[in-house]
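Student: Got run-v5.txt for you, compact mmCIF, C-alpha atoms:
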```
# COMPACT_ATOMS: atom_id res chain seq x y z
CA MET H 142 0.00 0.00 0.00
CA LYS H 143 2.91 2.37 -0.57
CA ILE H 144 1.27 3.20 -3.91
CA ARG H 145 -2.49 2.98 -4.30
CA GLY H 146 -5.10 4.10 -6.78
CA ALA H 147 -5.60 2.07 -9.95
CA PRO H 148 -4.19 4.64 -12.43
CA ALA H 149 -1.20 5.41 -10.18
CA ILE H 150 -0.44 1.70 -9.75
CA ALA H 151 -0.39 1.25 -13.52
CA SER H 152 1.78 4.34 -14.02
CA LEU H 153 4.26 3.24 -11.36
CA ALA H 154 4.57 -0.26 -12.81
CA ALA H 155 5.19 1.10 -16.31
CA LEU H 156 7.63 3.75 -15.09
CA SER H 157 9.51 1.19 -12.99
CA ILE H 158 10.16 -0.87 -16.13
CA ALA H 159 11.18 2.25 -18.05
CA SER H 160 13.56 3.33 -15.29
CA TYR H 161 15.00 -0.17 -14.90
CA LEU H 162 15.75 -0.51 -18.59
CA SER H 163 17.09 3.03 -18.85
CA ARG H 164 19.59 2.32 -16.08
CA ALA H 165 20.51 -1.03 -17.64
CA THR H 166 21.49 0.59 -20.93
CA LYS H 167 24.04 2.76 -19.10
CA GLN H 168 25.73 -0.09 -17.25
CA THR H 169 29.25 -1.31 -18.08
CA PRO H 170 29.56 -4.07 -19.00
CA THR H 171 26.16 -4.34 -20.68
CA PRO H 172 23.85 -6.76 -18.82
CA ALA H 173 23.57 -10.17 -20.49
CA PHE H 174 19.80 -9.86 -20.88
CA LEU H 175 20.40 -7.11 -23.45
CA ASP H 176 22.36 -9.44 -25.74
CA SER H 177 19.32 -10.61 -27.70
CA LEU H 178 15.60 -10.14 -27.99
CA GLU H 179 15.06 -13.65 -26.62
CA SER H 180 17.16 -13.01 -23.51
CA LEU H 181 15.41 -9.67 -22.97
CA GLU H 182 12.00 -11.33 -23.14
CA ALA H 183 13.07 -14.16 -20.82
CA HIS H 184 14.42 -11.62 -18.30
CA LEU H 185 11.36 -9.37 -18.33
CA ALA H 186 8.69 -12.12 -18.31
CA PRO H 187 8.91 -12.93 -14.55
CA ILE H 188 9.11 -9.21 -13.74
CA PHE H 189 5.93 -8.57 -15.71
CA ASP H 190 4.25 -11.53 -13.99
CA HIS H 191 5.24 -10.25 -10.54
CA LEU H 192 3.96 -6.74 -11.22
CA TYR H 193 0.74 -8.06 -12.77
CA SER H 194 -0.10 -10.20 -9.71
CA SER H 195 0.68 -7.56 -7.10
CA ARG H 196 -2.76 -5.88 -7.13
CA PRO H 197 -5.38 -8.21 -8.66
CA THR H 198 -8.46 -5.95 -8.60
CA ALA H 199 -7.00 -2.92 -10.40
CA VAL H 200 -7.34 -3.75 -14.11
CA ASN H 201 -5.29 -0.69 -15.18
CA LEU H 202 -2.18 -2.51 -14.01
CA GLY H 203 -2.89 -5.43 -16.33
CA GLY H 204 -3.49 -3.02 -19.19
CA ALA H 205 -0.13 -1.32 -18.64
CA ILE H 206 1.71 -4.66 -18.53
CA ALA H 207 -0.14 -5.79 -21.67
CA ARG H 208 1.06 -2.67 -23.51
CA LEU H 209 4.67 -3.40 -22.57
CA ARG H 210 4.34 -7.03 -23.54
CA GLY H 211 2.85 -5.86 -26.82
CA VAL H 212 6.06 -3.94 -27.62
CA LEU H 213 8.05 -7.15 -27.19
CA ALA H 214 5.56 -9.23 -29.19
CA SER H 215 5.60 -6.75 -32.06
CA ALA H 216 9.40 -6.74 -32.11
CA LYS H 217 9.55 -10.54 -32.24
CA GLU H 218 7.10 -10.61 -35.11
CA LYS H 219 9.14 -8.07 -37.06
CA GLN H 220 12.35 -9.96 -36.39
CA THR H 221 10.86 -13.21 -37.63
CA SER H 222 9.49 -11.70 -40.82
CA SER H 223 12.43 -9.43 -41.63
CA ALA H 224 14.12 -10.47 -44.85
CA ALA H 225 17.14 -8.37 -43.94
CA TYR H 226 17.99 -10.58 -41.01
CA ASP H 227 20.45 -13.27 -42.17
CA ALA H 228 23.39 -15.23 -40.91
CA ALA H 229 25.94 -12.79 -42.30
CA ASP H 230 24.89 -9.69 -40.40
CA GLY H 231 22.70 -11.34 -37.77
CA ALA H 232 24.74 -10.26 -34.74
CA ALA H 233 24.76 -6.59 -35.71
CA ALA H 234 21.09 -6.65 -36.62
CA ALA H 235 20.20 -8.40 -33.36
CA HIS H 236 22.07 -5.80 -31.29
CA SER H 237 20.37 -2.98 -33.16
CA SER H 238 17.02 -4.68 -32.72
CA VAL H 239 17.45 -5.04 -28.94
CA GLU H 240 18.43 -1.39 -28.59
CA SER H 241 15.36 -0.36 -30.56
CA VAL H 242 13.04 -2.56 -28.50
CA VAL H 243 14.47 -1.31 -25.21
CA GLN H 244 13.93 2.29 -26.27
CA GLY H 245 10.41 1.35 -27.36
CA LEU H 246 9.70 -0.17 -23.95
CA ILE H 247 11.04 2.92 -22.19
CA ALA H 248 8.91 5.20 -24.37
CA GLU H 249 5.79 3.06 -23.86
CA GLY H 250 6.31 2.95 -20.09
CA ARG H 251 6.56 6.72 -19.92
CA ALA H 252 3.56 7.13 -22.20
CA VAL H 253 1.36 5.11 -19.80
CA ALA H 254 1.98 7.74 -17.12
CA ASP H 255 2.01 10.81 -19.38
CA GLU H 256 -1.36 10.02 -20.96
CA ASP H 257 -3.08 9.91 -17.57
CA VAL H 258 -3.11 13.63 -16.73
CA GLY H 259 -4.67 14.79 -20.01
CA ARG H 260 -7.47 12.25 -19.97
CA ASN H 261 -8.17 13.00 -16.30
CA LYS H 262 -8.80 16.66 -17.13
CA THR H 263 -11.07 15.59 -19.98
CA MET H 264 -13.04 13.31 -17.66
CA GLY H 265 -13.26 16.05 -15.05
CA ARG H 266 -14.87 18.40 -17.54
CA ILE H 267 -17.19 15.78 -19.07
CA GLY H 268 -18.29 14.50 -15.66
CA ALA H 269 -18.86 17.96 -14.22
CA ASP H 270 -20.96 18.98 -17.24
CA TRP H 271 -23.09 15.84 -16.92
CA ILE H 272 -23.73 16.40 -13.22
CA LEU H 273 -24.65 20.05 -13.79
CA ASP H 274 -27.01 19.16 -16.66
CA ASN H 275 -28.61 16.39 -14.61
CA ALA H 276 -29.18 18.71 -11.66
CA GLN H 277 -30.78 21.33 -13.87
CA LYS H 278 -33.00 18.74 -15.57
CA ASN H 279 -34.23 17.70 -12.14
CA GLY H 280 -35.12 21.25 -11.18
CA PHE H 281 -32.20 22.07 -8.85
CA ASP H 282 -30.95 25.64 -8.63
CA THR H 283 -27.28 25.38 -9.56
CA SER H 284 -26.51 29.08 -9.31
CA ASN H 285 -24.97 28.65 -5.86
CA GLY H 286 -23.09 25.50 -6.82
CA LEU H 287 -23.57 21.82 -6.04
CA ASN H 288 -22.82 19.62 -3.06
CA VAL H 289 -20.98 16.47 -4.08
CA LEU H 290 -19.94 13.43 -2.05
CA THR H 291 -16.96 11.22 -2.88
CA VAL H 292 -15.43 8.06 -1.43
CA CYS H 293 -11.77 7.18 -0.88
CA ASN H 294 -9.07 9.15 -2.72
CA THR H 295 -9.12 9.66 -6.48
CA GLY H 296 -7.05 12.79 -6.97
CA SER H 297 -3.43 13.50 -7.85
CA LEU H 298 -2.25 11.10 -5.15
CA ALA H 299 -4.09 8.22 -6.84
CA THR H 300 -3.29 9.10 -10.47
CA SER H 301 -0.54 10.81 -12.45
CA GLY H 302 -2.32 14.12 -11.83
CA TYR H 303 -5.67 15.94 -11.45
CA GLY H 304 -7.62 12.79 -10.64
CA THR H 305 -10.74 10.95 -11.75
CA ALA H 306 -13.73 11.48 -9.44
CA LEU H 307 -11.83 14.15 -7.54
CA GLY H 308 -11.05 15.68 -10.92
CA ILE H 309 -14.79 16.21 -11.43
CA ILE H 310 -14.98 17.96 -8.06
CA THR H 311 -11.90 20.02 -8.93
CA HIS H 312 -13.40 21.09 -12.27
CA LEU H 313 -16.68 22.08 -10.62
CA HIS H 314 -14.66 24.21 -8.21
CA GLU H 315 -12.59 25.77 -11.00
CA VAL H 316 -15.70 26.88 -12.91
CA GLY H 317 -17.42 28.18 -9.77
CA LYS H 318 -20.11 25.49 -9.66
CA LEU H 319 -19.12 23.65 -6.47
CA ARG H 320 -20.68 24.63 -3.18
CA ARG H 321 -19.04 21.96 -1.03
CA ALA H 322 -17.29 18.62 -1.39
CA TYR H 323 -18.01 15.92 1.17
CA TYR H 324 -15.79 12.87 1.52
CA THR H 325 -15.80 9.73 3.63
CA GLN H 326 -12.91 8.77 5.87
CA SER H 327 -12.71 5.51 3.90
CA THR H 328 -11.67 3.15 6.63
CA PRO H 329 -9.80 1.02 7.44
CA TYR H 330 -6.91 2.66 5.58
CA HIS H 331 -8.37 6.17 5.85
CA GLN H 332 -7.56 7.27 2.31
CA GLY H 333 -10.25 9.91 2.64
CA SER H 334 -9.22 11.45 5.94
CA ARG H 335 -5.49 11.18 5.15
CA LEU H 336 -5.24 11.85 1.41
CA THR H 337 -8.44 13.42 0.06
CA ALA H 338 -8.43 15.79 3.04
CA LEU H 339 -4.92 16.92 2.15
CA GLU H 340 -5.69 17.39 -1.54
CA LEU H 341 -8.88 19.38 -0.96
CA LYS H 342 -7.17 21.54 1.64
CA THR H 343 -4.22 22.16 -0.68
CA LEU H 344 -6.58 23.12 -3.53
CA GLN H 345 -8.58 25.34 -1.14
CA ILE H 346 -11.81 23.55 -2.06
CA PRO H 347 -14.60 23.93 0.54
CA SER H 348 -14.94 20.46 2.02
CA THR H 349 -16.29 18.41 4.91
CA MET H 350 -15.13 15.00 6.09
CA ILE H 351 -17.65 12.45 7.35
CA CYS H 352 -17.28 9.00 8.87
CA ASP H 353 -18.25 6.15 6.55
CA SER H 354 -21.29 5.39 8.70
CA MET H 355 -22.59 8.98 8.37
CA VAL H 356 -23.50 8.86 4.66
CA GLY H 357 -27.18 8.21 5.36
CA SER H 358 -27.36 11.00 7.92
CA LEU H 359 -25.66 13.39 5.47
CA PHE H 360 -28.34 12.69 2.85
CA GLN H 361 -31.06 13.27 5.44
CA HIS H 362 -29.70 16.65 6.55
CA GLU H 363 -27.99 18.16 3.50
CA SER H 364 -28.89 18.54 -0.17
CA ILE H 365 -26.43 16.30 -1.99
CA HIS H 366 -26.62 16.63 -5.75
CA ALA H 367 -24.35 13.74 -6.76
CA VAL H 368 -21.99 11.05 -5.54
CA VAL H 369 -18.82 10.64 -7.62
CA VAL H 370 -16.40 7.74 -7.20
CA GLY H 371 -13.49 6.22 -9.04
CA ALA H 372 -13.09 2.58 -10.01
CA ASP H 373 -10.55 -0.19 -10.00
CA ARG H 374 -12.38 -2.35 -12.52
CA VAL H 375 -15.65 -2.00 -14.45
CA ALA H 376 -17.30 -5.08 -15.98
CA LYS H 377 -19.01 -5.15 -19.37
CA ASN H 378 -22.45 -4.58 -17.81
CA GLY H 379 -21.28 -1.62 -15.70
CA ASP H 380 -20.79 -3.41 -12.37
CA THR H 381 -17.99 -1.51 -10.65
CA ALA H 382 -15.32 -2.56 -8.18
CA ASN H 383 -14.04 0.28 -6.05
CA LYS H 384 -12.77 0.94 -2.54
CA ILE H 385 -14.67 -0.82 0.21
CA GLY H 386 -17.62 1.31 1.32
CA THR H 387 -18.55 2.41 -2.21
CA TYR H 388 -21.42 -0.08 -2.39
CA ASN H 389 -22.82 1.24 0.91
CA ALA H 390 -22.83 4.79 -0.44
CA ALA H 391 -24.49 3.65 -3.68
CA VAL H 392 -27.32 1.88 -1.84
CA ILE H 393 -28.03 4.95 0.26
CA ALA H 394 -27.77 7.26 -2.74
CA LYS H 395 -30.36 5.16 -4.55
CA ARG H 396 -32.70 5.42 -1.56
CA HIS H 397 -32.40 9.22 -1.63
CA ARG H 398 -32.54 9.49 -5.45
CA VAL H 399 -29.07 10.99 -5.64
CA PRO H 400 -27.26 10.19 -8.92
CA PHE H 401 -24.29 7.90 -8.37
CA VAL H 402 -21.54 8.53 -10.93
CA VAL H 403 -18.44 6.45 -11.65
CA CYS H 404 -15.45 8.17 -13.26
CA CYS H 405 -12.57 6.16 -14.68
CA PRO H 406 -10.32 5.98 -17.74
CA VAL H 407 -11.02 3.52 -20.54
CA SER H 408 -8.15 1.41 -19.22
CA THR H 409 -10.31 0.57 -16.18
CA LEU H 410 -13.05 -0.99 -18.32
CA ASP H 411 -12.78 -4.77 -18.56
CA LEU H 412 -15.04 -5.88 -21.40
CA SER H 413 -13.72 -9.44 -21.08
CA ILE H 414 -15.86 -10.13 -18.02
CA PRO H 415 -19.67 -10.04 -18.21
CA ASP H 416 -20.44 -8.73 -14.73
CA GLY H 417 -19.06 -7.98 -11.29
CA SER H 418 -19.12 -11.57 -10.09
CA ALA H 419 -15.99 -12.21 -12.18
CA ILE H 420 -13.98 -9.35 -10.64
CA PRO H 421 -11.24 -10.67 -8.32
CA ILE H 422 -11.39 -8.98 -4.92
CA GLU H 423 -8.18 -8.32 -3.03
CA TYR H 424 -8.24 -9.08 0.70
CA ARG H 425 -5.80 -7.14 2.82
CA PRO H 426 -4.03 -8.50 5.92
CA PRO H 427 -6.54 -8.67 8.82
CA ILE H 428 -4.31 -6.63 11.12
CA GLU H 429 -4.70 -3.57 8.85
CA ALA H 430 -8.36 -3.28 9.87
CA CYS H 431 -7.30 -3.08 13.51
CA LEU H 432 -4.90 -0.15 13.14
CA VAL H 433 -5.02 3.63 12.78
CA ARG H 434 -2.17 5.88 11.65
CA GLY H 435 -1.40 9.50 12.34
CA ARG H 436 0.44 12.03 14.44
CA ILE H 437 0.23 11.94 18.21
CA VAL H 438 -1.96 14.54 19.89
CA SER H 439 -1.01 15.38 23.47
CA ARG H 440 -3.65 16.33 26.02
CA GLU H 441 -1.11 17.61 28.54
CA GLY H 442 -0.85 21.31 29.14
CA GLY H 443 -4.13 22.22 27.48
CA GLY H 444 -3.65 20.06 24.41
CA GLY H 445 -1.22 20.29 21.58
CA ILE H 446 0.15 18.45 18.60
CA GLU H 447 3.57 16.90 18.44
CA GLU H 448 4.40 17.87 14.86
CA ALA H 449 6.96 15.15 14.18
CA ALA H 450 5.50 12.35 16.30
CA GLN H 451 3.81 9.70 14.15
CA ALA H 452 2.32 6.44 15.33
CA ILE H 453 0.48 3.34 14.23
CA VAL H 454 -1.91 2.27 16.97
CA GLN H 455 -3.93 -0.91 17.38
CA ILE H 456 -7.49 0.06 18.37
CA THR H 457 -9.02 -3.39 18.81
CA PRO H 458 -8.33 -6.16 21.31
CA ASP H 459 -6.20 -9.06 20.09
CA LEU H 460 -8.41 -10.99 17.69
CA ALA H 461 -8.12 -14.33 15.94
CA LEU H 462 -6.68 -12.63 12.87
CA GLU H 463 -6.09 -15.81 10.91
CA ASP H 464 -9.28 -17.57 12.01
CA HIS H 465 -12.02 -15.35 10.51
CA GLY H 466 -11.78 -12.88 13.37
CA VAL H 467 -11.55 -9.98 10.91
CA PHE H 468 -13.17 -9.52 7.48
CA ASN H 469 -11.04 -7.11 5.46
CA PRO H 470 -11.76 -6.92 1.72
CA SER H 471 -10.10 -3.95 0.07
CA PHE H 472 -12.87 -3.50 -2.51
CA ASP H 473 -16.58 -4.10 -3.01
CA VAL H 474 -18.66 -4.30 -6.18
CA THR H 475 -21.48 -1.85 -6.87
CA PRO H 476 -24.14 -3.32 -9.20
CA SER H 477 -24.75 -1.23 -12.30
CA GLU H 478 -28.44 -0.89 -11.42
CA LEU H 479 -27.33 1.51 -8.66
CA ILE H 480 -25.16 3.60 -11.00
CA ALA H 481 -26.59 6.53 -12.94
CA ALA H 482 -23.65 7.08 -15.28
CA ILE H 483 -20.09 5.99 -16.03
CA VAL H 484 -17.71 8.69 -17.25
CA THR H 485 -14.55 8.01 -19.25
CA GLU H 486 -12.41 10.22 -21.47
CA LYS H 487 -14.57 9.02 -24.37
CA GLY H 488 -17.87 10.31 -22.93
CA VAL H 489 -20.71 9.32 -20.62
CA ALA H 490 -22.59 6.02 -20.61
CA GLU H 491 -25.92 6.49 -18.85
CA ARG H 492 -28.15 3.81 -17.40
CA ALA H 493 -31.52 3.98 -19.09
CA PRO H 494 -34.60 4.28 -16.83
CA GLN H 495 -35.58 0.88 -15.40
CA ALA H 496 -32.47 -0.73 -16.93
CA THR H 497 -30.26 -2.94 -14.76
CA SER H 498 -27.06 -2.55 -16.75
CA ILE H 499 -24.97 0.06 -18.55
CA SER H 500 -23.44 -0.39 -21.98
CA VAL H 501 -19.89 0.65 -21.15
CA SER H 502 -18.75 -0.31 -24.65
CA GLU H 503 -20.24 3.05 -25.71
CA VAL H 504 -17.40 4.85 -23.92
CA SER H 505 -14.58 2.40 -24.46
```
Would you mind writing the file out in structure tokens?

Tutor:
Amino acid sequence: MKIRGAPAIASLAALSIASYLSRATKQTPTPAFLDSLESLEAHLAPIFDHLYSSRPTAVNLGGAIARLRGVLASAKEKQTSSAAYDAADGAAAAHSSVESVVQGLIAEGRAVADEDVGRNKTMGRIGADWILDNAQKNGFDTSNGLNVLTVCNTGSLATSGYGTALGIITHLHEVGKLRRAYYTQSTPYHQGSRLTALELKTLQIPSTMICDSMVGSLFQHESIHAVVVGADRVAKNGDTANKIGTYNAAVIAKRHRVPFVVCCPVSTLDLSIPDGSAIPIEYRPPIEACLVRGRIVSREGGGGIEEAAQAIVQITPDLALEDHGVFNPSFDVTPSELIAAIVTEKGVAERAPQATSISVSEVS
């Protein structure tokens, strides 16, 4: 959990390969795995496999690895079909080919990260426009801005920049159409209270933190115009895996007729699986649900904060951690029937009235 957020995980994996290969090309003597295309592929295959398996729910990671593998596959195909490659100049051609492929892998790895910021800004604008239009269609006065709730952290700390769902909130703020952003603490890892809080404060966006269990009460006491969340994987029918607690918010939003909007790049869409039942769910170590992290607040002398003092504190009694004493899935799946719209950089896929699925292929 040093790096989290589906787009950021994909970017880091791709950049790690780019950085690794870039450093390898400067080494003396040249590493043996750069001697041929076959040795390069054999060397990178277990690295790709390790990265791919590290976070099973976030499909963006698999997409990034697939792009890098595609560079290798394309190079092998060209090498096989090249009429210029013969026994006489094979060694020179092979060396040139490996250099070219390595540079292609470095460029592709960097592109995975670089593309993220631009599409995030596009999604922020598209999503904000949809939410504003929807509010106006439903008779809400948007002149004083909208109140929007989000879950977990989906901003610059979860992406290469600007964010997905938090990008929508940021865009609404930039165009003067946001009244207030609300965000859940997002326990047990507190991505909301630790990360989203920091981002909103840094951006000077009016915001209010709530505990995860306060979503229903918020809807009862405040006018919330939309819920916006990110995603780690979206199935073909629109079922969406996202941070644990997202499903709870969607159920309550449905009860209060508040549109629930998912915002994610096309790379998060997984059209190979029919619905959410096929999405693998990552389970975190049980002990993580028993801990809180933060700086120590002293009550002595009238109360004060020890600026540099950080701590991880266990807040539960000792439980049977390995014997079903703690249930700690990192993600849950929100059925598409609870989702009003899915926003990508390609547009907005809306759920038709009375429909129980969303055709995400429209925005893929």

Student: For each of H:Glu463, H:Thr387, H:Ala481, H:Val375, take the minimum atom-to-atom distance to Val399 (chain H), counting all atoms listed in the file, then give the residue where this is smallest.

Tutor: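 Checking each candidate against Val399 (chain H), we get H:Ala481 as the closest.
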
Student: Tell me which protein, DNA and RNA residues are within 8 Å of Lys377 (chain H), counting only C-alpha atoms, leaving out same-chain ones fewer than 5 positions away, and put them as a ChimeraX atom specification.

Tutor: /H:410-416,499-502

Student: Could you state the separation of CA of Thr328 (chain H) and CA of Thr475 (chain H) in Å, given to one decimal place?

Tutor: 17.4 Å

Student: Smallest atom-to-atom distance to Asp176 (chain H): which of H:Ser408, H:Ser157, H:Ser238, H:Ser215, using all atoms listed in the file?

Tutor: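 The answer is H:Ser238, which sits nearest to Asp176 (chain H).
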
Student: Let me make sure I understand: among H:Leu479, H:Leu359, H:Ala322, H:Val316, which one has the smallest atom-to-atom distance to Ala391 (chain H) if we use only C-alpha atoms?

Tutor: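 Of H:Leu479, H:Leu359, H:Ala322, H:Val316, the one nearest Ala391 (chain H) is H:Leu479, counting only C-alpha atoms.
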
Student: Check the smallest atom-to-atom distance from each of H:Val239, H:Val407, H:Thr198, H:Ser284 to Pro470 (chain H) using only C-alpha atoms, then report the winner.

Tutor: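 Nearest candidate to Pro470 (chain H) out of H:Val239, H:Val407, H:Thr198, H:Ser284: H:Thr198.
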
Student: Can you pull out the residues contacting region 206-208 of chain H? Cut-off 12 Å, using all atoms listed in the file, and skip same-chain residues under 3 positions away; I want them as a count of residues only.

Tutor: 40

Student: Within 12 Å of (-6.8, -8.3, 20.4) (coordinates as in the file), grab all the protein and nucleic acid residues, counting only C-alpha atoms, and write them out as a PDB file with C-alpha atoms, in the coordinates of the input.

Tutor:
```pdb
ATOM      1  CA  PRO H 427      -6.540  -8.670   8.820  1.00  0.00           C
ATOM      2  CA  ILE H 428      -4.310  -6.630  11.120  1.00  0.00           C
ATOM      3  CA  ALA H 430      -8.360  -3.280   9.870  1.00  0.00           C
ATOM      4  CA  CYS H 431      -7.300  -3.080  13.510  1.00  0.00           C
ATOM      5  CA  LEU H 432      -4.900  -0.150  13.140  1.00  0.00           C
ATOM      6  CA  GLN H 455      -3.930  -0.910  17.380  1.00  0.00           C
ATOM      7  CA  ILE H 456      -7.490   0.060  18.370  1.00  0.00           C
ATOM      8  CA  THR H 457      -9.020  -3.390  18.810  1.00  0.00           C
ATOM      9  CA  PRO H 458      -8.330  -6.160  21.310  1.00  0.00           C
ATOM     10  CA  ASP H 459      -6.200  -9.060  20.090  1.00  0.00           C
ATOM     11  CA  LEU H 460      -8.410 -10.990  17.690  1.00  0.00           C
ATOM     12  CA  ALA H 461      -8.120 -14.330  15.940  1.00  0.00           C
ATOM     13  CA  LEU H 462      -6.680 -12.630  12.870  1.00  0.00           C
ATOM     14  CA  GLY H 466     -11.780 -12.880  13.370  1.00  0.00           C
ATOM     15  CA  VAL H 467     -11.550  -9.980  10.910  1.00  0.00           C
TER      16      VAL H 467
END
```

Student: Between CA of Ala306 (chain H) and CA of Gly268 (chain H), measure the distance and give it in Å to one decimal.

Tutor: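 Value for the CA of Ala306 (chain H)-CA of Gly268 (chain H) distance: 8.3 Å.
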
Student: Expressed in Å to a single decimal, how great is the separation between CA of Ala254 (chain H) and CA of Thr305 (chain H)?

Tutor: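 Computing it gives 14.2 Å between the two atoms.
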
Student: Could you give me, as number ranges by chain, the residues that sit within 12 Å of (-8.4, 11.3, -9.2) in the file's coordinates, counting only C-alpha atoms?

Tutor: H: 145-149, 257-265, 291-312, 336-337, 340-341, 369-373, 403-406

Student: Using only C-alpha atoms, find the one residue out of H:Ile437, H:Val474, H:Ala376, H:Leu344 that sits nearest to Val392 (chain H).

Tutor: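 Residue with the minimum atom-to-atom distance to Val392 (chain H): H:Val474.
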
Student: Which residues are near Phe174 (chain H)? Cut-off 7 Å, all atoms listed in the file, ignore same chain within fewer than 5 positions. Put them as a short mmCIF file (atom, residue, chain, number, x, y, z; two decimals) with C-alpha atoms, in the coordinates of the input.

Tutor:
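Contents of the output file out_3.cif:
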```
data_model
loop_
_atom_site.label_atom_id
_atom_site.label_comp_id
_atom_site.auth_asym_id
_atom_site.auth_seq_id
_atom_site.Cartn_x
_atom_site.Cartn_y
_atom_site.Cartn_z
CA SER H 180 17.16 -13.01 -23.51
CA LEU H 181 15.41 -9.67 -22.97
CA HIS H 184 14.42 -11.62 -18.30
#
```

Student: List as a list of chain:residue names the protein and nucleic acid residues near Pro347 (chain H), meaning an atom at most 9 Å away when all atoms listed in the file are counted, but skip any in the same chain fewer than 5 places from it.

Tutor: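 Within the cut-off, the hits are H:His314, H:Leu319, H:Arg320, H:Arg321, H:Ala322, H:Tyr323, H:Leu341, H:Lys342.
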
Student: Identify which of the residues H:Ala338, H:Leu273, H:Gln332, H:Ala367 lies closest to Leu290 (chain H), counting all atoms listed in the file when measuring atom-to-atom distances.

Tutor: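 Once distances to Leu290 (chain H) are computed over all atoms listed in the file, the minimum belongs to H:Ala367.
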
Student: Mind checking which residues fall within 12 Å of Pro172 (chain H), counting all atoms listed in the file, ignoring those fewer than 5 positions away in the same chain, and posting them as a ChimeraX atom specification?

Tutor: /H:161-167,177,180-181,184

Student: Suppose we keep C-alpha atoms; can you now write the selection as an mmCIF file, keeping the file's coordinate frame?

Tutor:
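Listing of again.cif after writing:
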```cif
data_model
loop_
_atom_site.group_PDB
_atom_site.id
_atom_site.type_symbol
_atom_site.label_atom_id
_atom_site.label_comp_id
_atom_site.auth_asym_id
_atom_site.auth_seq_id
_atom_site.Cartn_x
_atom_site.Cartn_y
_atom_site.Cartn_z
ATOM 1 C CA TYR H 161 15.000 -0.170 -14.900
ATOM 2 C CA LEU H 162 15.750 -0.510 -18.590
ATOM 3 C CA SER H 163 17.090 3.030 -18.850
ATOM 4 C CA ARG H 164 19.590 2.320 -16.080
ATOM 5 C CA ALA H 165 20.510 -1.030 -17.640
ATOM 6 C CA THR H 166 21.490 0.590 -20.930
ATOM 7 C CA LYS H 167 24.040 2.760 -19.100
ATOM 8 C CA SER H 177 19.320 -10.610 -27.700
ATOM 9 C CA SER H 180 17.160 -13.010 -23.510
ATOM 10 C CA LEU H 181 15.410 -9.670 -22.970
ATOM 11 C CA HIS H 184 14.420 -11.620 -18.300
#
```
